[in-house]
$ cat work.pdb   # PDB, C-alpha atoms and all ligand atoms
ATOM      1  CA  MET X   1      44.405  56.391   3.792
ATOM      2  CA  ARG X   2      47.808  58.082   3.298
ATOM      3  CA  ILE X   3      50.124  57.347   6.198
ATOM      4  CA  PRO X   4      52.418  60.294   7.031
ATOM      5  CA  LYS X   5      56.121  59.513   6.535
ATOM      6  CA  GLY X   6      57.793  58.364   9.720
ATOM      7  CA  LEU X   7      54.561  57.461  11.484
ATOM      8  CA  VAL X   8      54.516  53.839  12.559
ATOM      9  CA  LEU X   9      51.077  52.333  13.094
ATOM     10  CA  MET X  10      51.204  49.567  15.668
ATOM     11  CA  ALA X  11      48.149  47.368  15.246
ATOM     12  CA  ALA X  12      47.399  44.908  18.039
ATOM     13  CA  LYS X  13      48.616  41.349  18.124
ATOM     14  CA  ILE X  14      45.655  39.151  17.202
ATOM     15  CA  ILE X  15      45.374  36.388  19.803
ATOM     16  CA  ASP X  16      44.740  33.164  17.905
ATOM     17  CA  GLY X  17      42.385  31.234  20.199
ATOM     18  CA  LYS X  18      41.983  28.473  17.659
ATOM     19  CA  LYS X  19      45.708  27.751  17.612
ATOM     20  CA  ILE X  20      46.120  27.955  21.387
ATOM     21  CA  ALA X  21      43.081  25.688  21.898
ATOM     22  CA  GLN X  22      44.464  23.202  19.382
ATOM     23  CA  GLY X  23      47.776  23.050  21.264
ATOM     24  CA  ILE X  24      45.935  22.320  24.520
ATOM     25  CA  GLN X  25      43.748  19.686  22.851
ATOM     26  CA  ASP X  26      46.796  17.982  21.317
ATOM     27  CA  GLY X  27      48.224  17.577  24.834
ATOM     28  CA  LEU X  28      44.903  16.331  26.219
ATOM     29  CA  LYS X  29      44.568  13.790  23.401
ATOM     30  CA  LYS X  30      47.887  12.199  24.378
ATOM     31  CA  GLU X  31      46.907  12.088  28.047
ATOM     32  CA  ILE X  32      43.519  10.583  27.261
ATOM     33  CA  SER X  33      44.937   7.902  24.984
ATOM     34  CA  ALA X  34      47.271   6.867  27.825
ATOM     35  CA  LEU X  35      44.300   6.248  30.151
ATOM     36  CA  GLY X  36      43.206   3.098  28.373
ATOM     37  CA  GLU X  37      39.552   4.090  28.737
ATOM     38  CA  LYS X  38      37.324   6.932  27.598
ATOM     39  CA  PRO X  39      36.170   9.619  30.029
ATOM     40  CA  CYS X  40      32.478  10.249  29.396
ATOM     41  CA  LEU X  41      30.732  13.636  29.118
ATOM     42  CA  ALA X  42      26.922  13.830  29.085
ATOM     43  CA  ILE X  43      25.492  17.022  27.575
ATOM     44  CA  VAL X  44      21.892  17.927  28.352
ATOM     45  CA  LEU X  45      20.297  20.027  25.616
ATOM     46  CA  VAL X  46      16.788  21.452  25.935
ATOM     47  CA  GLY X  47      15.032  22.756  22.815
ATOM     48  CA  ASN X  48      16.729  23.470  19.510
ATOM     49  CA  SER X  49      18.051  27.032  19.550
ATOM     50  CA  PRO X  50      20.489  27.305  16.629
ATOM     51  CA  ALA X  51      23.220  28.819  18.839
ATOM     52  CA  SER X  52      22.985  26.037  21.448
ATOM     53  CA  GLU X  53      22.883  23.392  18.702
ATOM     54  CA  THR X  54      26.112  24.821  17.262
ATOM     55  CA  TYR X  55      27.903  24.986  20.632
ATOM     56  CA  VAL X  56      26.839  21.467  21.562
ATOM     57  CA  ALA X  57      27.913  20.079  18.176
ATOM     58  CA  LYS X  58      31.382  21.610  18.737
ATOM     59  CA  LYS X  59      31.633  20.099  22.208
ATOM     60  CA  LEU X  60      30.631  16.644  20.950
ATOM     61  CA  GLN X  61      33.033  16.922  18.028
ATOM     62  CA  ALA X  62      35.879  17.730  20.435
ATOM     63  CA  CYS X  63      34.994  14.663  22.534
ATOM     64  CA  LYS X  64      35.242  12.512  19.435
ATOM     65  CA  GLU X  65      38.558  14.022  18.318
ATOM     66  CA  LEU X  66      40.096  13.637  21.779
ATOM     67  CA  GLY X  67      39.001  10.045  22.315
ATOM     68  CA  MET X  68      36.333  10.815  24.906
ATOM     69  CA  GLU X  69      32.749   9.622  24.969
ATOM     70  CA  GLY X  70      30.192  12.353  24.308
ATOM     71  CA  VAL X  71      26.553  11.526  25.075
ATOM     72  CA  LEU X  72      23.784  13.906  24.046
ATOM     73  CA  VAL X  73      20.654  13.883  26.209
ATOM     74  CA  ARG X  74      17.922  15.835  24.419
ATOM     75  CA  PHE X  75      14.638  17.236  25.681
ATOM     76  CA  ASP X  76      12.138  19.286  23.794
ATOM     77  CA  ALA X  77      11.571  22.894  24.832
ATOM     78  CA  GLY X  78       8.406  22.062  26.788
ATOM     79  CA  VAL X  79      10.146  19.700  29.229
ATOM     80  CA  LYS X  80       8.969  19.937  32.849
ATOM     81  CA  GLN X  81      11.312  20.976  35.672
ATOM     82  CA  ALA X  82      10.791  17.629  37.460
ATOM     83  CA  GLU X  83      11.620  15.622  34.337
ATOM     84  CA  LEU X  84      14.879  17.505  33.900
ATOM     85  CA  GLU X  85      15.752  17.153  37.577
ATOM     86  CA  ASN X  86      15.109  13.391  37.403
ATOM     87  CA  LYS X  87      17.519  13.107  34.475
ATOM     88  CA  ILE X  88      20.240  15.062  36.317
ATOM     89  CA  ASN X  89      19.818  12.761  39.346
ATOM     90  CA  GLU X  90      20.061   9.748  37.042
ATOM     91  CA  LEU X  91      23.262  11.046  35.412
ATOM     92  CA  ASN X  92      24.727  11.868  38.853
ATOM     93  CA  ALA X  93      24.147   8.256  39.919
ATOM     94  CA  ASP X  94      25.460   6.701  36.688
ATOM     95  CA  SER X  95      29.068   5.628  37.297
ATOM     96  CA  SER X  96      29.726   5.404  33.537
ATOM     97  CA  VAL X  97      29.235   9.200  33.294
ATOM     98  CA  ASN X  98      32.214  11.246  34.510
ATOM     99  CA  ALA X  99      31.034  14.709  33.542
ATOM    100  CA  ILE X 100      27.734  16.541  33.090
ATOM    101  CA  LEU X 101      27.046  19.802  31.255
ATOM    102  CA  VAL X 102      23.620  21.392  30.942
ATOM    103  CA  GLN X 103      23.717  23.666  27.902
ATOM    104  CA  LEU X 104      22.440  27.152  28.777
ATOM    105  CA  PRO X 105      20.220  29.060  28.496
ATOM    106  CA  LEU X 106      17.277  26.881  29.477
ATOM    107  CA  PRO X 107      13.697  27.866  28.542
ATOM    108  CA  SER X 108      12.216  30.542  30.806
ATOM    109  CA  HIS X 109       9.739  28.175  32.529
ATOM    110  CA  ILE X 110      12.676  26.162  33.896
ATOM    111  CA  ASN X 111      14.456  27.268  37.064
ATOM    112  CA  GLU X 112      18.004  27.225  35.681
ATOM    113  CA  GLN X 113      19.690  27.778  39.039
ATOM    114  CA  GLU X 114      17.916  24.730  40.530
ATOM    115  CA  ILE X 115      19.083  22.579  37.613
ATOM    116  CA  VAL X 116      22.763  23.574  37.626
ATOM    117  CA  THR X 117      22.833  23.323  41.414
ATOM    118  CA  LEU X 118      21.673  19.720  41.215
ATOM    119  CA  VAL X 119      24.696  18.532  39.194
ATOM    120  CA  ASP X 120      27.100  16.492  41.350
ATOM    121  CA  ALA X 121      30.110  18.736  42.138
ATOM    122  CA  LYS X 122      32.524  15.971  41.045
ATOM    123  CA  LYS X 123      30.884  15.838  37.586
ATOM    124  CA  ASP X 124      30.119  19.560  37.280
ATOM    125  CA  VAL X 125      32.433  20.492  34.385
ATOM    126  CA  ASP X 126      30.689  23.863  33.996
ATOM    127  CA  GLY X 127      31.649  24.808  37.554
ATOM    128  CA  LEU X 128      28.189  26.176  38.231
ATOM    129  CA  CYS X 129      27.006  24.144  41.227
ATOM    130  CA  LEU X 130      27.160  25.942  44.547
ATOM    131  CA  LEU X 131      30.063  23.871  45.881
ATOM    132  CA  ASN X 132      32.299  24.626  42.887
ATOM    133  CA  GLU X 133      31.262  28.291  42.915
ATOM    134  CA  GLY X 134      32.157  28.389  46.605
ATOM    135  CA  LYS X 135      35.526  26.773  45.924
ATOM    136  CA  LEU X 136      36.305  29.392  43.293
ATOM    137  CA  PHE X 137      35.260  32.113  45.723
ATOM    138  CA  ALA X 138      37.493  30.639  48.429
ATOM    139  CA  GLY X 139      40.393  29.980  46.029
ATOM    140  CA  ILE X 140      40.600  26.223  46.581
ATOM    141  CA  ARG X 141      40.692  23.202  44.234
ATOM    142  CA  GLY X 142      37.537  22.658  42.227
ATOM    143  CA  LEU X 143      36.046  22.578  38.760
ATOM    144  CA  TYR X 144      35.711  26.121  37.426
ATOM    145  CA  PRO X 145      33.689  27.510  34.473
ATOM    146  CA  CYS X 146      35.272  26.836  31.082
ATOM    147  CA  THR X 147      35.068  30.235  29.376
ATOM    148  CA  PRO X 148      36.748  32.083  32.279
ATOM    149  CA  LEU X 149      39.515  29.436  32.386
ATOM    150  CA  GLY X 150      40.002  29.910  28.642
ATOM    151  CA  ILE X 151      40.137  33.688  29.007
ATOM    152  CA  VAL X 152      42.923  33.428  31.586
ATOM    153  CA  GLU X 153      44.908  31.176  29.205
ATOM    154  CA  LEU X 154      44.448  33.693  26.380
ATOM    155  CA  ILE X 155      45.621  36.607  28.545
ATOM    156  CA  GLU X 156      48.632  34.648  29.778
ATOM    157  CA  SER X 157      49.567  33.818  26.182
ATOM    158  CA  VAL X 158      50.418  37.508  25.675
ATOM    159  CA  GLY X 159      51.230  38.927  29.091
ATOM    160  CA  LYS X 160      51.299  38.737  32.875
ATOM    161  CA  ILE X 161      48.216  39.198  35.049
ATOM    162  CA  GLU X 162      49.782  39.966  38.422
ATOM    163  CA  GLY X 163      49.666  43.640  39.353
ATOM    164  CA  LYS X 164      47.607  44.626  36.308
ATOM    165  CA  HIS X 165      44.348  46.518  36.407
ATOM    166  CA  ALA X 166      41.725  44.199  34.917
ATOM    167  CA  VAL X 167      38.273  45.514  34.056
ATOM    168  CA  VAL X 168      35.501  42.989  33.420
ATOM    169  CA  VAL X 169      32.383  44.257  31.653
ATOM    170  CA  GLY X 170      29.479  41.904  32.450
ATOM    171  CA  ARG X 171      28.554  40.089  35.661
ATOM    172  CA  SER X 172      26.997  36.770  34.611
ATOM    173  CA  ASN X 173      27.508  33.645  36.713
ATOM    174  CA  LEU X 174      28.906  31.897  33.622
ATOM    175  CA  VAL X 175      31.569  34.455  32.639
ATOM    176  CA  GLY X 176      31.734  37.892  34.311
ATOM    177  CA  LYS X 177      31.785  36.917  37.991
ATOM    178  CA  PRO X 178      34.023  33.828  37.691
ATOM    179  CA  VAL X 179      36.558  35.525  35.415
ATOM    180  CA  ALA X 180      36.788  38.413  37.882
ATOM    181  CA  LEU X 181      37.515  35.913  40.687
ATOM    182  CA  LEU X 182      40.139  34.062  38.618
ATOM    183  CA  LEU X 183      41.889  37.337  37.754
ATOM    184  CA  LEU X 184      41.778  38.381  41.411
ATOM    185  CA  ALA X 185      43.287  35.017  42.393
ATOM    186  CA  LYS X 186      46.080  35.747  39.913
ATOM    187  CA  ASN X 187      46.734  39.036  41.720
ATOM    188  CA  ALA X 188      45.163  41.512  39.312
ATOM    189  CA  THR X 189      43.339  44.552  40.648
ATOM    190  CA  VAL X 190      39.842  43.893  39.376
ATOM    191  CA  SER X 191      36.897  46.179  38.588
ATOM    192  CA  ILE X 192      33.532  44.848  37.428
ATOM    193  CA  CYS X 193      31.267  47.004  35.239
ATOM    194  CA  HIS X 194      27.663  46.133  34.386
ATOM    195  CA  SER X 195      24.442  47.492  32.959
ATOM    196  CA  ARG X 196      23.998  49.992  35.819
ATOM    197  CA  THR X 197      27.587  51.256  35.806
ATOM    198  CA  LYS X 198      27.783  54.956  34.985
ATOM    199  CA  ASN X 199      30.306  56.023  32.334
ATOM    200  CA  ILE X 200      31.681  52.558  31.572
ATOM    201  CA  GLY X 201      34.363  54.129  29.357
ATOM    202  CA  GLU X 202      35.843  55.949  32.357
ATOM    203  CA  HIS X 203      36.592  52.531  33.844
ATOM    204  CA  THR X 204      37.534  50.620  30.705
ATOM    205  CA  LYS X 205      40.050  53.198  29.532
ATOM    206  CA  ASN X 206      42.117  52.554  32.654
ATOM    207  CA  ALA X 207      42.236  48.793  32.023
ATOM    208  CA  ASP X 208      45.506  46.996  31.264
ATOM    209  CA  ILE X 209      43.325  43.916  30.716
ATOM    210  CA  LEU X 210      39.787  44.364  29.428
ATOM    211  CA  VAL X 211      37.332  41.440  29.320
ATOM    212  CA  VAL X 212      33.980  42.159  27.698
ATOM    213  CA  ALA X 213      31.076  39.711  28.106
ATOM    214  CA  VAL X 214      27.749  41.447  27.632
ATOM    215  CA  GLY X 215      26.433  40.093  24.314
ATOM    216  CA  LYS X 216      25.948  43.516  22.680
ATOM    217  CA  PRO X 217      27.908  44.385  19.532
ATOM    218  CA  LYS X 218      30.075  47.545  19.619
ATOM    219  CA  THR X 219      29.748  47.980  23.389
ATOM    220  CA  ILE X 220      33.433  48.915  23.405
ATOM    221  CA  GLY X 221      34.830  51.454  20.952
ATOM    222  CA  ALA X 222      38.398  52.713  20.473
ATOM    223  CA  ALA X 223      37.928  55.718  22.793
ATOM    224  CA  MET X 224      37.141  53.342  25.674
ATOM    225  CA  VAL X 225      40.409  51.398  25.442
ATOM    226  CA  LYS X 226      43.844  52.183  26.888
ATOM    227  CA  LYS X 227      46.741  52.083  24.435
ATOM    228  CA  GLY X 228      48.472  48.698  24.591
ATOM    229  CA  ALA X 229      45.682  46.974  26.588
ATOM    230  CA  ILE X 230      44.928  43.260  26.295
ATOM    231  CA  VAL X 231      41.314  43.041  25.075
ATOM    232  CA  ILE X 232      39.318  39.812  25.365
ATOM    233  CA  ASP X 233      35.999  39.788  23.536
ATOM    234  CA  VAL X 234      33.568  37.143  24.804
ATOM    235  CA  GLY X 235      30.519  38.349  22.841
ATOM    236  CA  THR X 236      28.963  36.274  20.071
ATOM    237  CA  THR X 237      25.999  37.882  18.328
ATOM    238  CA  LYS X 238      24.775  37.057  14.835
ATOM    239  CA  VAL X 239      24.501  40.251  12.746
ATOM    240  CA  ASP X 240      23.455  39.841   9.088
ATOM    241  CA  GLY X 241      24.423  36.171   9.304
ATOM    242  CA  LYS X 242      27.905  37.005  10.654
ATOM    243  CA  LEU X 243      29.176  36.326  14.164
ATOM    244  CA  VAL X 244      30.367  39.517  15.886
ATOM    245  CA  GLY X 245      31.733  40.274  19.349
ATOM    246  CA  ASP X 246      31.081  43.051  21.868
ATOM    247  CA  VAL X 247      34.134  45.059  20.803
ATOM    248  CA  ASP X 248      34.443  47.216  17.697
ATOM    249  CA  PHE X 249      37.324  45.023  16.494
ATOM    250  CA  GLU X 250      38.479  47.108  13.515
ATOM    251  CA  ALA X 251      38.738  50.320  15.566
ATOM    252  CA  VAL X 252      40.049  48.794  18.807
ATOM    253  CA  LYS X 253      42.799  46.729  17.159
ATOM    254  CA  GLU X 254      44.547  50.010  16.287
ATOM    255  CA  ILE X 255      44.736  50.948  19.987
ATOM    256  CA  ALA X 256      45.052  47.667  21.900
ATOM    257  CA  GLY X 257      48.306  45.755  22.397
ATOM    258  CA  ALA X 258      46.547  42.417  21.861
ATOM    259  CA  ILE X 259      42.982  41.470  21.024
ATOM    260  CA  THR X 260      40.906  38.341  20.454
ATOM    261  CA  PRO X 261      38.921  38.032  17.214
ATOM    262  CA  VAL X 262      35.318  36.816  16.987
ATOM    263  CA  PRO X 263      35.083  34.067  15.860
ATOM    264  CA  GLY X 264      38.387  32.318  16.605
ATOM    265  CA  GLY X 265      39.202  33.853  19.997
ATOM    266  CA  VAL X 266      37.412  32.798  23.167
ATOM    267  CA  GLY X 267      35.028  30.231  21.596
ATOM    268  CA  PRO X 268      37.576  27.500  20.812
ATOM    269  CA  MET X 269      39.127  27.962  24.263
ATOM    270  CA  THR X 270      35.801  27.233  25.979
ATOM    271  CA  VAL X 271      35.738  23.857  24.229
ATOM    272  CA  ALA X 272      39.394  23.106  25.100
ATOM    273  CA  MET X 273      38.800  23.995  28.766
ATOM    274  CA  LEU X 274      35.688  21.833  28.816
ATOM    275  CA  ALA X 275      37.772  18.887  27.604
ATOM    276  CA  ARG X 276      40.370  19.684  30.290
ATOM    277  CA  ASN X 277      37.640  19.778  32.935
ATOM    278  CA  VAL X 278      36.218  16.434  31.770
ATOM    279  CA  LEU X 279      39.658  14.855  32.163
ATOM    280  CA  ALA X 280      40.004  16.560  35.563
ATOM    281  CA  ALA X 281      36.639  15.208  36.710
ATOM    282  CA  TYR X 282      37.569  11.730  35.495
ATOM    283  CA  ARG X 283      40.890  11.837  37.375
ATOM    284  CA  MET X 284      39.275  13.130  40.563
ATOM    285  CA  GLN X 285      36.757  10.293  40.477
ATOM    286  CA  LYS X 286      39.516   7.707  39.925
ATOM    287  CA  GLU X 287      41.551   9.295  42.685
ATOM    288  CA  GLU X 288      38.636   9.088  45.072
ATOM    289  CA  ALA X 289      37.875   5.482  44.081
ATOM    290  CA  ALA X 290      41.536   4.633  44.780
ATOM    291  CA  GLY X 291      41.214   6.043  48.286
ATOM    292  CA  GLY X 292      42.583   9.520  47.642
ATOM    293  CA  LYS X 293      45.622   8.572  45.513
ATOM    294  CA  ARG X 294      45.941  10.548  42.308
ATOM    295  CA  ALA X 295      45.511   8.474  39.161
ATOM    296  CA  GLY X 296      47.795   8.805  36.138
ATOM    297  CA  SER X 297      49.557  12.116  35.652
ATOM    298  CA  LYS X 298      51.995  13.345  38.298
ATOM    299  CA  LYS X 299      51.315  16.905  37.183
ATOM    300  CA  LYS X 300      48.902  18.997  39.206
ATOM    301  CA  GLU X 301      47.513  20.658  36.117
ATOM    302  CA  TYR X 302      44.136  19.089  36.156
ATOM    303  CA  VAL X 303      42.368  21.380  38.544
ATOM    304  CA  GLU X 304      43.167  24.988  39.123
ATOM    305  CA  ASP X 305      44.771  25.567  42.486
ATOM    306  CA  LEU X 306      44.420  29.227  43.225
ATOM    307  CA  GLN X 307      46.312  29.524  46.453
TER
HETATM  308  N1  LIG F 401      25.966  28.545  26.855
HETATM  309  C1  LIG F 401      26.895  29.416  26.389
HETATM  310  N2  LIG F 401      28.096  29.158  26.941
HETATM  311  C2  LIG F 401      27.931  28.115  27.764
HETATM  312  C3  LIG F 401      28.825  27.380  28.622
HETATM  313  O1  LIG F 401      30.029  27.659  28.748
HETATM  314  N3  LIG F 401      28.261  26.365  29.315
HETATM  315  C4  LIG F 401      26.941  26.077  29.227
HETATM  316  N4  LIG F 401      26.483  25.069  29.962
HETATM  317  N5  LIG F 401      26.097  26.714  28.448
HETATM  318  C5  LIG F 401      26.592  27.733  27.723
END

$ encode --input "work.pdb" --output "structure tokens"
Amino acid sequence: MRIPKGLVLMAAKIIDGKKIAQGIQDGLKKEISALGEKPCLAIVLVGNSPASETYVAKKLQACKELGMEGVLVRFDAGVKQAELENKINELNADSSVNAILVQLPLPSHINEQEIVTLVDAKKDVDGLCLLNEGKLFAGIRGLYPCTPLGIVELIESVGKIEGKHAVVVGRSNLVGKPVALLLLAKNATVSICHSRTKNIGEHTKNADILVVAVGKPKTIGAAMVKKGAIVIDVGTTKVDGKLVGDVDFEAVKEIAGAITPVPGGVGPMTVAMLARNVLAAYRMQKEEAAGGKRAGSKKKEYVEDLQ
């Protein structure tokens, strides 16, 4: 393409999630080595979907690199609801386990909501039990979902949230709803779009911050994005063996002010926030065991305080 003389094309800043996640993990590694013991995360994996296998392998790898214990509890895809519930109860009662994550999605015969609700709130590093969801809703201390926490970090690496119009596309319990609540707590004006929203582009093109989490490639094209917007792409779909997001990256990067790539944007941040939540859960448990006194760090970084 010939670029007319004098015309300056301003492509978006590419937000390097890998680098930001690495910085966070470097800090966590130091904090963990100072503990003198290893916080322990148990991951429950049902079946062997390639995507879940990949995510779980990354989470276990991060545990290893950061000096934490990662325990994989596997069930085959035909596991019964009661068997899974018994295991969650067992992990809740096991004082050597500080954190529990049930990799989602679960097979359709399992009641997923019942399973995530059963995880002890103090060990619930996915932030999906009702108590932690309620705490996020109310804006008080708790463990919050990892991907939304990572998204907020990515946005804040390039700009301010307060006073901005944030549009979230997608309303899942894992990403859409909690990220909307976190952005609201940070004083954004938040709109949520979903599969029944009419003319999604009419909403998204007014967004200063656009978060897209629907799992459908090319949901967002250039005409749906405001010039200079911060665009966070949460989608991960395999197309012809390649991982792609929900945003038409090549087109939108010419319009946006900043944009996350897929892969290398949100994904690594989910893992870093999981590690942060495991350390938070560990500290909360130590604090409680010591009669309410906070263990270790004087910083209040370890759980989000939204008020
Ligand atoms: N599957 C995809 N993302 C996630 C996540 O953040 N947590 C869990 N438990 N399962 C997932």

$ closest_residue --input "work.pdb" --among "X:Ala280, X:Leu184, X:Ile24, X:Ala223" --to "Gly139 of chain X" --atoms "all atoms listed in the file"
X:Leu184

$ resolve_selection --input "work.pdb" --expression "the PyMOL selection byres (((not hetatm)) within 10 of (chain F and resi 401))" --output "ChimeraX atom specification"
/X:43-45,51-52,55-56,100-106,116,124-128,145-148,174-175,234,236,267,270-271,273-274

$ atom_distance --input "work.pdb" --atom1 "atom CA of Ala272 of chain X" --atom2 "atom CA of Val179 of chain X"
16.4 Å

$ residues_around --input "work.pdb" --residues "Lys13 of chain X" --least-positions-apart "2" --cutoff "9 Å" --atoms "all atoms listed in the file" --output "compact mmCIF listing (two decimals) with C-alpha atoms, in the coordinates of the input"
# COMPACT_ATOMS: atom_id res chain seq x y z
CA MET X 10 51.20 49.57 15.67
CA ALA X 11 48.15 47.37 15.25
CA ILE X 15 45.37 36.39 19.80
CA VAL X 158 50.42 37.51 25.68
CA LYS X 253 42.80 46.73 17.16
CA ALA X 256 45.05 47.67 21.90
CA GLY X 257 48.31 45.76 22.40
CA ALA X 258 46.55 42.42 21.86
CA ILE X 259 42.98 41.47 21.02
CA THR X 260 40.91 38.34 20.45

$ atom_distance --input "work.pdb" --atom1 "atom CA of Cys193 of chain X" --atom2 "atom CA of Asn173 of chain X"
14.0 Å

$ closest_residue --input "work.pdb" --among "X:Lys238, X:Arg141, X:Arg283, X:Pro263" --to "Pro50 of chain X" --atoms "only C-alpha atoms"
X:Lys238

$ resolve_selection --input "work.pdb" --expression "the PyMOL selection byres (((chain X and resi 118) around 10) and not hetatm)" --output "ChimeraX atom specification"
/X:85-86,88-89,92,113-117,119-121,124,128-130

$ residues_near_point --input "work.pdb" --point "(45.9, 30.4, 20.4)" --cutoff "9 Å" --atoms "all atoms listed in the file" --output "PyMOL selection string"
chain X and resi 15-23+153-154+157+264-265+268-269

$ atom_distance --input "work.pdb" --atom1 "atom CA of Val247 of chain X" --atom2 "atom CA of Lys226 of chain X"
13.5 Å
